[in-house]
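Reviewing the structure listed below.
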There are 2 protein chains.
Amino acid sequence: MIKIGLLGLGTVGTGVYEILTNKYDIVNNSVKEELSIEKILVNNINKKRNINMDTSILTNNINDILDNNDIDIVVELIGGVDLAYKYIKRALSSGKHVVTANKAVVAKHMIELHTVAKNNNVGFLYEASVAGGIPIIKSLKELMKINKIHSISGIINGTSNYILSSMEQENVSFKEILKRAQDLGYAESDPTDDIDGYDMARKIAILSSLAYKVELKDSDIKTSGIRNIKINDINFFRKMKLSVKLFASSNIKNNAITAVVEPVLVPTNSVIAQVNSNLNIVDIECDILGKYQLIGQGAGKDPTANAVVSDILDIINKEYEDFEITLNEEVALTNDINEFKNYYIRCSFDDQSKIEKCKDFLSSMSQDIEVKENDLFCITNKINIDSKDDLLLGCTKFSKNIFYARMQ
Amino acid sequence: MIKIGLLGLGTVGTGVYEILTNKYDIVNNSVKEELSIEKILVNNINKKRNINMDTSILTNNINDILDNNDIDIVVELIGGVDLAYKYIKRALSSGKHVVTANKAVVAKHMIELHTVAKNNNVGFLYEASVAGGIPIIKSLKELMKINKIHSISGIINGTSNYILSSMEQENVSFKEILKRAQDLGYAESDPTDDIDGYDMARKIAILSSLAYKVELKDSDIKTSGIRNIKINDINFFRKMKLSVKLFASSNIKNNAITAVVEPVLVPTNSVIAQVNSNLNIVDIECDILGKYQLIGQGAGKDPTANAVVSDILDIINKEYEDFEITLNEEVALTNDINEFKNYYIRCSFDDQSKIEKCKDFLSSMSQDIEVKENDLFCITNKINIDSKDDLLLGCTKFSKNIFYARMQ
């Protein structure tokens with residue numbers, strides 16, 4: 001009998017509890033040893049909950065789980081960083097396997113936690129931390145048994161994709177859609193992580209670290225978001241038969257990694273343009289298999305809980321040991337300055353007098369500039385990442401509201 | 001040391017040999033026991049080959065492999081049905097694991113071969129038999145550890161998809177594109193299996209049998225193809241902002257399976273419409289994870305060889321035992337007559353006098369009929385699969401060239 005200690009009984013925790021309870025037969029048919037939930041850590045034992053359960057397994061004392069020798073697997077679903085990290089490390093150190101959905105902890109501490117897990121001969125799995133409904137981490141590990149991964153990219157944040165595709169389809173403002181997303185529970189009350197790209201940066205850091213065998217920190221990844229997008233941008237894109245997506249990309253060439261999170265313009269008649277609402281897509285290029293794309297729910301109770309349970313089953317079936325991170329010391333994040341792209345830049349102005357100055361500033365590096373009322377729309381020449389940064393910085397002297405996107 | 005006997009050294013066999021040789025280190029790092037190719041069955045030992053190899057491992061005597069007690073895994077890549085089936089069964093019966101890419105054998109004999117494998121305590125894996133570059137069989141097995149599969153559908157034949165997307169993009173005739181596909185090696189000299197849907201029927205039979213725990217025969221699946229499609233059809237679809245795809249679909253409701261291979265019309269602004277050229281897509285709906293789509297190469301040397309090697313690694317790592325087919329006797333293929341769809345029907349005429357008669361015949365069940373020169377274009381009312389068959393049969397009295405497609 002494999003015994004599980006669950007930390008947290010929020011949305012995902014409830015989903016995990018429900019799968020393990022309602023699907024007892026099907027799940028237990030998939031494992032070599034029977035499993036049961038032994039303890040669940042909650043803040044308030046007496047809180048009324050929407051599920052029928054034996055409340056005697058609830059505890060508000062973490063030691064009931066971490067010091068419990070009967071518990072084999074700790075499932076961390078409390079969120080946050082510092083406390084979750086502490087609990088995960090303590091669990092691994094005391095010889096318990098850990099499954100987590102916590103992308104913040106994984107992005108920050110994955111190499112260290114992998115090492116602790118390895119030293120204690122236990123598993124550390126985190127499928128649910130990236131694109132919940134897409135088993136991308138397991139897929140990557142499978143591919144890497146044969147393939148060298150050349151690039152990973154995708155739409156790996158449902159909130160920003162919901163906002164952008166709703167703006168395109170309904171022609172309403174960013175502000176209005178964000179408010180609706182918050183009302184629907186798709187966006188947090190502080191939406192910074194989702195709309196400014198930080199959430200995607202954590203996820204692409206995790207995937208890139210695995211794929212390229214490097215310790216890539218999300219804070220080192222150049223990250224831009226969609227906070228400043230206006231309906232005028234969307235209308236401009238529509239005329240050019242382009243769709244805008246907040247997009248994470250990383251690739252490796254001769255041990256040099258380029259990784260960036262930024263808005264990207266793709267042809268409307270492309271698979272990526274058609275991945276709408278809160279769906280996610282991950283696009284992998286590798287040497288033998290070639291191109292491989294996975295599309296699914298990025299988040300949500302059931303898909304995320306599915307990923308957590310899938311990790312639990314892999315641990316019980318001992319299908320986790322095949323992978324360990326041996327860092328390749330020759331690999332580094334450098335952001336290739338020999339890669340040249342066109343960029344779209346839109347600057348808006350309160351003060352009409354600055355428009356001409358901004359236009360002059362941009363003209364030397366641009367192929368096309370159009371002014372319409374208070375907006376300047378510019379398509380740059382093919383420039384590298386540094387020139388793009390310089391251009392955007394220069395524009396801030398003239399305009400307070402700037403949106404840019406990379407053209408594919 | 002795990003020893004492999006390879007049957008066949010054609011395109012895929014060469015790909016497998018190359019991966020196992022050129023990627024010796026990476027592949028052997030992924031397995032718990034070292035592996036090597038012990039023998040390869042070929043027709044002609046002395047034939048000049050494009051790969052550098054130790055020719056002493058070649059043999060033209062099947063017994064050198066099947067009666068060889070040193071060989072643990074037999075990899076069947078000779079193609080065909082009867083001989084391959086015989087070899088696979090003999091290998092399994094003598095306690096050897098079998099990996100095959102042979103969809104014809106798997107579609108025809110999978111349940112029997114699974115039983116022989118189980119009785120001999122060995123693995124029988126066939127990832128490469130369906131959509132080579134998409135690990136769909138392993139993905140299905142993973143999903144089924146937690147999920148109930150509601151439906152599987154997709155573009156799972158690269159040749160027909162290449163033909164249809166080329167017709168759409170280049171506005172050239174079926175005949176011309178088929179000729180080019182044959183010259184490029186995308187289509188066989190006898191293209192029947194690809195363009196008439198039989199290849200897809202085999203693949204959806206395999207996937208459905210796994211997913212619904214039933215012995216579904218490809219010969220029982222209603223199958224139509226694209227042999228009769230004309231550029232006039234494509235132009236009609238373009239006006240309606242639709243794309244045509246040869247599509248396999250199966251679903252299960254209350255133990256009743258509907259499975260069909262036929263041309264389907266999808267909105268141009270959909271993911272499926274954008275899966276072009278020889279790419280494949282598989283679309284799965286299940287109860288917990290929801291919608292999940294995988295896109296990749298459907299065939300080709302490297303993607304198919306990747307799938308074969310992946311199966312070999314799973315056998316060595318003993319990651320194949322988790323799955324067995326216990327048939328659910330309550331499940332049957334019935335084709336739901338309570339599902340109603342619109343269909344597109346186009347009939348062409350040599351004899352103008354038959355056009356009006358055909359129009360009269362179709363009018364009672366159609367919402368829209370248009371005649372243009374010698375073509376009649378019809379969009380039916382929502383009808384079930386039986387009414388559709390009746391309509392098409394009726395049309396054959398008037399027209400010798402008919403193309404139809406289901407509207408989604």
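Each chain in the structure tokens gets a letter, A, B, ..., in the order shown, and its residues are numbered from 1; ligands are numbered from 1 in order too.
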Applying 10 Å and only C-alpha atoms, which residues near Ile26 (chain A) remain after dropping the ones on its own chain fewer than 6 positions away? List them as a compact mmCIF listing (two decimals) with N, CA and C atoms, in the first residue's frame.
```
# COMPACT_ATOMS: atom_id res chain seq x y z
N ILE A 19 -10.34 12.48 -8.22
CA ILE A 19 -9.89 11.43 -9.15
C ILE A 19 -9.53 10.17 -8.36
N LEU A 20 -8.76 10.34 -7.29
CA LEU A 20 -8.30 9.17 -6.54
C LEU A 20 -9.45 8.45 -5.84
N MET B 144 -5.40 6.62 -20.56
CA MET B 144 -6.36 5.63 -20.08
C MET B 144 -6.08 5.15 -18.66
N LYS B 145 -4.90 5.49 -18.13
CA LYS B 145 -4.64 5.16 -16.73
C LYS B 145 -5.58 5.94 -15.81
N ILE B 146 -6.08 7.08 -16.31
CA ILE B 146 -6.94 7.93 -15.49
C ILE B 146 -8.27 8.22 -16.20
N ASN B 147 -8.19 8.41 -17.52
CA ASN B 147 -9.34 8.90 -18.27
C ASN B 147 -10.14 7.81 -18.97
N LYS B 148 -11.41 8.12 -19.20
CA LYS B 148 -12.22 7.35 -20.13
C LYS B 148 -12.19 8.12 -21.46
```
>> Could you list, as a list of chain:residue names, every residue within 12 Å of Ser189 (chain B), counting only C-alpha atoms and ignoring same-chain residues fewer than 6 positions away?
In response: B:Leu178, B:Lys179, B:Arg180, B:Ala181, B:Gln182, B:Asp183, B:Ile195
>> Contacts from chain B to chain A, 6 Å maximum, only C-alpha atoms: show me the residue list as a list of chain:residue names.
In response: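 Selected residues: B:Val27, B:Ser30, B:Gly133, B:Lys145, B:Ile146, B:Ser270, B:Val271, B:Gln274, B:Ile288, B:Leu289, B:Lys291, B:Tyr292, B:Gln293, B:Leu294, B:Ile295, B:Gly296, B:Asp302, B:Pro303.
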> Pick from B:Ser387, B:Val308, B:Gly10, B:Ile155: nearest to Val74 (chain B), with only C-alpha atoms counted?
Replying inline: B:Val308
> Looking at B:Ala332, B:Val244, B:Leu41, B:Val371, which one is nearest to Met407 (chain B), with distances taken over only C-alpha atoms?
Replying inline: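 For Met407 (chain B), the nearest of the given residues is B:Val244.
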>> Need to verify the contact set: region 226-233 of chain A, 7 Å, only C-alpha atoms, exclusion of same-chain residues closer than 4 positions in sequence. Can you return it as a count of residues only?
In response: 11
> Quick one: residues within 9 Å of Gly123 (chain B), only C-alpha atoms counted, chain neighbours fewer than 4 positions away excluded, as a PyMOL selection string?
Replying inline: chain B and resi 73+92+96-99+114+117-118+315+318+320-321
> region 349-393 of chain A: which residues are strand (DSSP E) by DSSP, as a ChimeraX atom specification?
Replying inline: /A:366-372,375-380
>> Give me, as a ChimeraX atom specification, all polymer residues having an atom no more than 10 Å from region 376-385 of chain A, counting only C-alpha atoms and skipping those fewer than 4 positions away in the same chain.
In response: /A:222,232-233,236,260,335-349,355-356,358-359,362-372,389-391,399,402-407
Selection above as a file: C-alpha atoms, as an mmCIF file, in the first residue's frame:
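result17.cif, written as the output of this step:
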```cif
data_model
loop_
_atom_site.group_PDB
_atom_site.id
_atom_site.type_symbol
_atom_site.label_atom_id
_atom_site.label_comp_id
_atom_site.auth_asym_id
_atom_site.auth_seq_id
_atom_site.Cartn_x
_atom_site.Cartn_y
_atom_site.Cartn_z
ATOM 1 C CA LYS A 222 13.850 38.579 -21.607
ATOM 2 C CA ASN A 232 -5.998 49.549 -32.863
ATOM 3 C CA ASP A 233 -3.159 47.027 -32.809
ATOM 4 C CA PHE A 236 -3.751 46.629 -37.848
ATOM 5 C CA VAL A 260 12.437 35.017 -24.795
ATOM 6 C CA ASN A 335 20.444 35.252 -26.851
ATOM 7 C CA ASP A 336 21.725 34.935 -30.396
ATOM 8 C CA ILE A 337 22.455 38.398 -31.850
ATOM 9 C CA ASN A 338 22.865 36.879 -35.298
ATOM 10 C CA GLU A 339 19.167 36.158 -35.544
ATOM 11 C CA PHE A 340 17.329 38.951 -37.374
ATOM 12 C CA LYS A 341 13.574 39.485 -37.283
ATOM 13 C CA ASN A 342 11.041 42.121 -38.295
ATOM 14 C CA TYR A 343 9.208 43.741 -35.392
ATOM 15 C CA TYR A 344 5.930 45.602 -35.158
ATOM 16 C CA ILE A 345 6.078 48.693 -32.944
ATOM 17 C CA ARG A 346 3.106 50.903 -32.119
ATOM 18 C CA CYS A 347 3.563 54.136 -30.172
ATOM 19 C CA SER A 348 0.671 56.279 -29.008
ATOM 20 C CA PHE A 349 0.935 59.985 -28.232
ATOM 21 C CA ILE A 355 4.899 62.003 -33.461
ATOM 22 C CA GLU A 356 7.205 63.406 -36.133
ATOM 23 C CA CYS A 358 9.456 59.517 -33.103
ATOM 24 C CA LYS A 359 8.920 58.832 -36.796
ATOM 25 C CA LEU A 362 12.425 55.032 -36.182
ATOM 26 C CA SER A 363 12.825 55.712 -39.886
ATOM 27 C CA SER A 364 16.448 54.613 -40.231
ATOM 28 C CA MET A 365 15.616 51.090 -39.085
ATOM 29 C CA SER A 366 12.123 50.706 -40.508
ATOM 30 C CA GLN A 367 10.588 49.591 -43.749
ATOM 31 C CA ASP A 368 7.113 50.930 -43.166
ATOM 32 C CA ILE A 369 5.713 53.651 -40.873
ATOM 33 C CA GLU A 370 2.085 54.738 -40.795
ATOM 34 C CA VAL A 371 0.518 57.455 -38.616
ATOM 35 C CA LYS A 372 -3.197 57.382 -37.847
ATOM 36 C CA ASP A 389 15.714 46.778 -27.366
ATOM 37 C CA ASP A 390 17.488 49.991 -28.381
ATOM 38 C CA LEU A 391 14.612 51.000 -30.636
ATOM 39 C CA SER A 399 5.621 57.901 -26.177
ATOM 40 C CA ILE A 402 4.157 51.380 -26.634
ATOM 41 C CA PHE A 403 3.287 47.871 -27.807
ATOM 42 C CA TYR A 404 5.571 45.667 -29.846
ATOM 43 C CA ALA A 405 5.474 42.175 -31.280
ATOM 44 C CA ARG A 406 7.958 39.965 -33.092
ATOM 45 C CA MET A 407 7.039 38.956 -36.618
#
```
From a DSSP calculation on the backbone, collect every residue of region 11-216 of chain B in alpha helix (DSSP H) and output the set as a compact mmCIF listing (two decimals) with N, CA and C atoms, in the first residue's frame.
```txt
# COMPACT_ATOMS: atom_id res chain seq x y z
N THR B 11 13.55 1.13 -45.77
CA THR B 11 13.66 2.51 -45.30
C THR B 11 13.63 2.61 -43.78
N VAL B 12 12.58 2.04 -43.17
CA VAL B 12 12.45 2.16 -41.72
C VAL B 12 13.54 1.35 -41.01
N GLY B 13 13.81 0.15 -41.52
CA GLY B 13 14.85 -0.69 -40.93
C GLY B 13 16.20 0.03 -40.91
N THR B 14 16.51 0.69 -42.01
CA THR B 14 17.76 1.46 -42.07
C THR B 14 17.73 2.59 -41.04
N GLY B 15 16.58 3.26 -40.91
CA GLY B 15 16.44 4.32 -39.91
C GLY B 15 16.68 3.80 -38.50
N VAL B 16 16.13 2.62 -38.20
CA VAL B 16 16.31 2.03 -36.87
C VAL B 16 17.79 1.69 -36.65
N TYR B 17 18.39 1.08 -37.67
CA TYR B 17 19.82 0.74 -37.57
C TYR B 17 20.66 2.00 -37.31
N GLU B 18 20.34 3.06 -38.04
CA GLU B 18 21.11 4.31 -37.89
C GLU B 18 20.96 4.91 -36.49
N ILE B 19 19.72 4.94 -35.99
CA ILE B 19 19.53 5.51 -34.64
C ILE B 19 20.32 4.69 -33.63
N LEU B 20 20.17 3.37 -33.70
CA LEU B 20 20.82 2.52 -32.69
C LEU B 20 22.35 2.57 -32.80
N THR B 21 22.84 2.89 -33.99
CA THR B 21 24.29 2.95 -34.18
C THR B 21 24.83 4.37 -33.92
N ASN B 22 24.26 5.34 -34.64
CA ASN B 22 24.77 6.73 -34.53
C ASN B 22 24.46 7.35 -33.18
N TYR B 24 24.25 5.68 -30.30
CA TYR B 24 24.49 4.61 -29.33
C TYR B 24 24.50 5.12 -27.89
N ASP B 25 25.22 6.22 -27.65
CA ASP B 25 25.36 6.72 -26.27
C ASP B 25 24.04 7.22 -25.69
N ILE B 26 23.37 8.09 -26.44
CA ILE B 26 22.14 8.70 -25.91
C ILE B 26 21.08 7.62 -25.68
N VAL B 27 20.95 6.68 -26.62
CA VAL B 27 19.94 5.64 -26.48
C VAL B 27 20.28 4.72 -25.30
N ASN B 28 21.53 4.32 -25.20
CA ASN B 28 21.91 3.41 -24.11
C ASN B 28 21.86 4.07 -22.74
N ASN B 29 21.94 5.40 -22.71
CA ASN B 29 21.75 6.12 -21.45
C ASN B 29 20.32 6.05 -20.96
N ASN B 63 15.17 -18.40 -39.57
CA ASN B 63 15.42 -19.23 -38.38
C ASN B 63 16.64 -18.76 -37.59
N ASP B 64 17.57 -18.07 -38.30
CA ASP B 64 18.73 -17.52 -37.59
C ASP B 64 18.29 -16.49 -36.54
N ILE B 65 17.09 -15.98 -36.70
CA ILE B 65 16.57 -15.01 -35.71
C ILE B 65 15.55 -15.69 -34.79
N LEU B 66 14.55 -16.33 -35.40
CA LEU B 66 13.46 -16.87 -34.58
C LEU B 66 13.88 -18.06 -33.72
N ASP B 82 0.61 -11.82 -44.34
CA ASP B 82 0.63 -13.21 -43.88
C ASP B 82 1.97 -13.66 -43.31
N LEU B 83 3.04 -13.38 -44.04
CA LEU B 83 4.35 -13.81 -43.58
C LEU B 83 4.74 -13.06 -42.30
N ALA B 84 4.49 -11.76 -42.30
CA ALA B 84 4.83 -10.96 -41.12
C ALA B 84 4.07 -11.46 -39.89
N TYR B 85 2.78 -11.73 -40.08
CA TYR B 85 1.95 -12.26 -38.99
C TYR B 85 2.54 -13.56 -38.45
N LYS B 86 2.93 -14.44 -39.38
CA LYS B 86 3.48 -15.75 -39.00
C LYS B 86 4.76 -15.57 -38.17
N TYR B 87 5.64 -14.70 -38.65
CA TYR B 87 6.90 -14.46 -37.94
C TYR B 87 6.66 -13.85 -36.55
N ILE B 88 5.74 -12.88 -36.51
CA ILE B 88 5.46 -12.21 -35.23
C ILE B 88 4.93 -13.23 -34.22
N LYS B 89 3.99 -14.04 -34.68
CA LYS B 89 3.37 -15.02 -33.79
C LYS B 89 4.40 -16.05 -33.30
N ARG B 90 5.26 -16.48 -34.24
CA ARG B 90 6.30 -17.44 -33.86
C ARG B 90 7.26 -16.82 -32.84
N ALA B 91 7.62 -15.58 -33.08
CA ALA B 91 8.55 -14.90 -32.17
C ALA B 91 7.94 -14.79 -30.77
N LEU B 92 6.70 -14.32 -30.71
CA LEU B 92 6.02 -14.18 -29.41
C LEU B 92 5.90 -15.53 -28.71
N SER B 93 5.53 -16.55 -29.49
CA SER B 93 5.33 -17.88 -28.92
C SER B 93 6.61 -18.46 -28.35
N LYS B 103 0.88 -1.92 -39.70
CA LYS B 103 -0.52 -1.64 -39.31
C LYS B 103 -1.49 -2.68 -39.86
N ALA B 104 -1.16 -3.27 -41.02
CA ALA B 104 -2.07 -4.27 -41.59
C ALA B 104 -2.16 -5.47 -40.66
N VAL B 105 -1.02 -5.95 -40.19
CA VAL B 105 -1.03 -7.10 -39.27
C VAL B 105 -1.70 -6.72 -37.95
N VAL B 106 -1.37 -5.56 -37.42
CA VAL B 106 -1.94 -5.17 -36.12
C VAL B 106 -3.45 -5.02 -36.24
N ALA B 107 -3.91 -4.34 -37.29
CA ALA B 107 -5.36 -4.14 -37.44
C ALA B 107 -6.08 -5.48 -37.55
N LYS B 108 -5.45 -6.44 -38.18
CA LYS B 108 -6.12 -7.72 -38.43
C LYS B 108 -6.03 -8.68 -37.23
N HIS B 109 -4.90 -8.62 -36.51
CA HIS B 109 -4.64 -9.69 -35.53
C HIS B 109 -4.31 -9.18 -34.13
N MET B 110 -4.58 -7.91 -33.82
CA MET B 110 -4.03 -7.37 -32.57
C MET B 110 -4.46 -8.11 -31.32
N ILE B 111 -5.72 -8.46 -31.23
CA ILE B 111 -6.18 -9.10 -29.98
C ILE B 111 -5.52 -10.47 -29.82
N GLU B 112 -5.48 -11.22 -30.90
CA GLU B 112 -4.83 -12.54 -30.83
C GLU B 112 -3.36 -12.41 -30.44
N LEU B 113 -2.67 -11.47 -31.09
CA LEU B 113 -1.23 -11.32 -30.82
C LEU B 113 -0.98 -10.81 -29.39
N HIS B 114 -1.88 -9.93 -28.91
CA HIS B 114 -1.76 -9.50 -27.51
C HIS B 114 -1.90 -10.69 -26.56
N THR B 115 -2.81 -11.58 -26.90
CA THR B 115 -3.03 -12.75 -26.05
C THR B 115 -1.81 -13.67 -26.06
N VAL B 116 -1.26 -13.90 -27.26
CA VAL B 116 -0.05 -14.73 -27.34
C VAL B 116 1.08 -14.08 -26.53
N ALA B 117 1.21 -12.76 -26.66
CA ALA B 117 2.27 -12.05 -25.92
C ALA B 117 2.08 -12.23 -24.42
N LYS B 118 0.85 -12.03 -23.98
CA LYS B 118 0.55 -12.14 -22.55
C LYS B 118 0.83 -13.56 -22.04
N ASN B 119 0.42 -14.55 -22.82
CA ASN B 119 0.63 -15.94 -22.40
C ASN B 119 2.11 -16.30 -22.31
N ILE B 136 1.09 8.25 -30.48
CA ILE B 136 -0.32 8.25 -30.12
C ILE B 136 -0.71 7.04 -29.29
N ILE B 137 -0.08 5.89 -29.55
CA ILE B 137 -0.49 4.70 -28.81
C ILE B 137 -0.04 4.81 -27.35
N LYS B 138 1.21 5.26 -27.15
CA LYS B 138 1.67 5.46 -25.78
C LYS B 138 0.85 6.56 -25.08
N SER B 139 0.53 7.61 -25.81
CA SER B 139 -0.27 8.70 -25.22
C SER B 139 -1.64 8.18 -24.80
N LEU B 140 -2.26 7.38 -25.67
CA LEU B 140 -3.57 6.80 -25.32
C LEU B 140 -3.48 5.95 -24.06
N LYS B 141 -2.45 5.07 -24.01
CA LYS B 141 -2.30 4.21 -22.84
C LYS B 141 -2.11 5.04 -21.57
N GLU B 142 -1.33 6.13 -21.69
CA GLU B 142 -1.12 7.01 -20.54
C GLU B 142 -2.44 7.63 -20.09
N LEU B 143 -3.17 8.20 -21.05
CA LEU B 143 -4.45 8.84 -20.73
C LEU B 143 -5.39 7.86 -20.05
N MET B 144 -5.40 6.62 -20.56
CA MET B 144 -6.36 5.63 -20.08
C MET B 144 -6.08 5.15 -18.66
N GLY B 158 -0.86 10.71 -44.37
CA GLY B 158 -0.13 11.86 -44.91
C GLY B 158 -0.35 12.06 -46.40
N THR B 159 -0.47 10.97 -47.15
CA THR B 159 -0.59 11.07 -48.61
C THR B 159 -1.86 11.82 -49.01
N SER B 160 -2.99 11.39 -48.44
CA SER B 160 -4.24 12.05 -48.80
C SER B 160 -4.24 13.50 -48.35
N ASN B 161 -3.63 13.77 -47.20
CA ASN B 161 -3.60 15.16 -46.73
C ASN B 161 -2.70 16.03 -47.60
N TYR B 162 -1.61 15.44 -48.07
CA TYR B 162 -0.73 16.16 -48.99
C TYR B 162 -1.49 16.52 -50.26
N ILE B 163 -2.25 15.55 -50.78
CA ILE B 163 -3.00 15.78 -52.02
C ILE B 163 -4.05 16.88 -51.82
N LEU B 164 -4.83 16.79 -50.75
CA LEU B 164 -5.90 17.76 -50.54
C LEU B 164 -5.35 19.16 -50.26
N SER B 165 -4.32 19.26 -49.42
CA SER B 165 -3.84 20.61 -49.12
C SER B 165 -3.11 21.20 -50.32
N SER B 166 -2.48 20.37 -51.13
CA SER B 166 -1.85 20.89 -52.35
C SER B 166 -2.91 21.37 -53.34
N MET B 167 -4.00 20.63 -53.47
CA MET B 167 -5.09 21.07 -54.36
C MET B 167 -5.62 22.42 -53.90
N GLU B 168 -5.80 22.58 -52.58
CA GLU B 168 -6.31 23.85 -52.05
C GLU B 168 -5.34 25.00 -52.31
N GLN B 169 -4.06 24.72 -52.07
CA GLN B 169 -3.08 25.81 -52.12
C GLN B 169 -2.67 26.15 -53.54
N GLU B 170 -2.67 25.15 -54.43
CA GLU B 170 -2.12 25.40 -55.77
C GLU B 170 -3.17 25.34 -56.87
N PHE B 174 -6.57 16.76 -58.94
CA PHE B 174 -6.25 15.58 -58.15
C PHE B 174 -5.20 14.72 -58.86
N LYS B 175 -5.45 14.50 -60.17
CA LYS B 175 -4.60 13.61 -60.95
C LYS B 175 -3.15 14.12 -60.97
N GLU B 176 -3.02 15.43 -61.19
CA GLU B 176 -1.69 16.03 -61.27
C GLU B 176 -0.93 15.91 -59.95
N ILE B 177 -1.66 16.19 -58.84
CA ILE B 177 -1.02 16.13 -57.52
C ILE B 177 -0.68 14.68 -57.16
N LEU B 178 -1.56 13.76 -57.51
CA LEU B 178 -1.28 12.35 -57.20
C LEU B 178 0.00 11.92 -57.91
N LYS B 179 0.13 12.32 -59.18
CA LYS B 179 1.33 11.98 -59.95
C LYS B 179 2.58 12.54 -59.25
N ARG B 180 2.47 13.81 -58.80
CA ARG B 180 3.63 14.42 -58.12
C ARG B 180 3.95 13.69 -56.82
N ALA B 181 2.88 13.35 -56.07
CA ALA B 181 3.09 12.64 -54.80
C ALA B 181 3.79 11.30 -55.05
N GLN B 182 3.41 10.65 -56.16
CA GLN B 182 4.07 9.38 -56.50
C GLN B 182 5.53 9.60 -56.86
N ASP B 183 5.80 10.66 -57.62
CA ASP B 183 7.19 10.97 -58.00
C ASP B 183 8.04 11.28 -56.76
N LEU B 184 7.42 11.96 -55.79
CA LEU B 184 8.15 12.34 -54.57
C LEU B 184 8.28 11.17 -53.58
N THR B 192 -4.41 3.13 -53.86
CA THR B 192 -5.74 2.80 -53.34
C THR B 192 -5.85 2.97 -51.82
N ASP B 193 -4.94 2.33 -51.07
CA ASP B 193 -5.06 2.35 -49.61
C ASP B 193 -5.07 3.76 -49.04
N ASP B 194 -4.27 4.64 -49.64
CA ASP B 194 -4.18 6.00 -49.12
C ASP B 194 -5.37 6.86 -49.54
N ILE B 195 -5.75 6.81 -50.83
CA ILE B 195 -6.77 7.75 -51.29
C ILE B 195 -8.19 7.24 -51.09
N TYR B 198 -8.55 3.24 -46.86
CA TYR B 198 -8.33 1.95 -46.19
C TYR B 198 -7.19 2.01 -45.18
N ASP B 199 -6.16 2.80 -45.51
CA ASP B 199 -5.04 2.95 -44.58
C ASP B 199 -5.53 3.59 -43.27
N MET B 200 -6.33 4.64 -43.40
CA MET B 200 -6.88 5.30 -42.21
C MET B 200 -7.79 4.36 -41.43
N ALA B 201 -8.56 3.53 -42.16
CA ALA B 201 -9.48 2.60 -41.48
C ALA B 201 -8.69 1.65 -40.59
N ARG B 202 -7.54 1.17 -41.09
CA ARG B 202 -6.71 0.28 -40.27
C ARG B 202 -6.25 1.00 -39.00
N LYS B 203 -5.83 2.26 -39.18
CA LYS B 203 -5.27 2.98 -38.03
C LYS B 203 -6.34 3.33 -37.00
N ILE B 204 -7.50 3.77 -37.47
CA ILE B 204 -8.55 4.13 -36.50
C ILE B 204 -9.09 2.85 -35.85
N ALA B 205 -9.02 1.72 -36.57
CA ALA B 205 -9.42 0.44 -35.95
C ALA B 205 -8.48 0.10 -34.81
N ILE B 206 -7.19 0.29 -35.02
CA ILE B 206 -6.21 0.00 -33.97
C ILE B 206 -6.44 0.90 -32.75
N LEU B 207 -6.55 2.21 -33.01
CA LEU B 207 -6.71 3.16 -31.90
C LEU B 207 -8.02 2.92 -31.16
N SER B 208 -9.09 2.67 -31.90
CA SER B 208 -10.40 2.47 -31.26
C SER B 208 -10.42 1.18 -30.46
N SER B 209 -9.80 0.12 -30.99
CA SER B 209 -9.76 -1.15 -30.26
C SER B 209 -9.08 -0.96 -28.91
N LEU B 210 -7.98 -0.23 -28.92
CA LEU B 210 -7.28 0.06 -27.67
C LEU B 210 -8.13 0.89 -26.73
N ALA B 211 -8.69 1.97 -27.27
CA ALA B 211 -9.35 2.95 -26.42
C ALA B 211 -10.67 2.44 -25.84
N TYR B 212 -11.39 1.65 -26.65
CA TYR B 212 -12.72 1.22 -26.20
C TYR B 212 -12.73 -0.24 -25.76
```
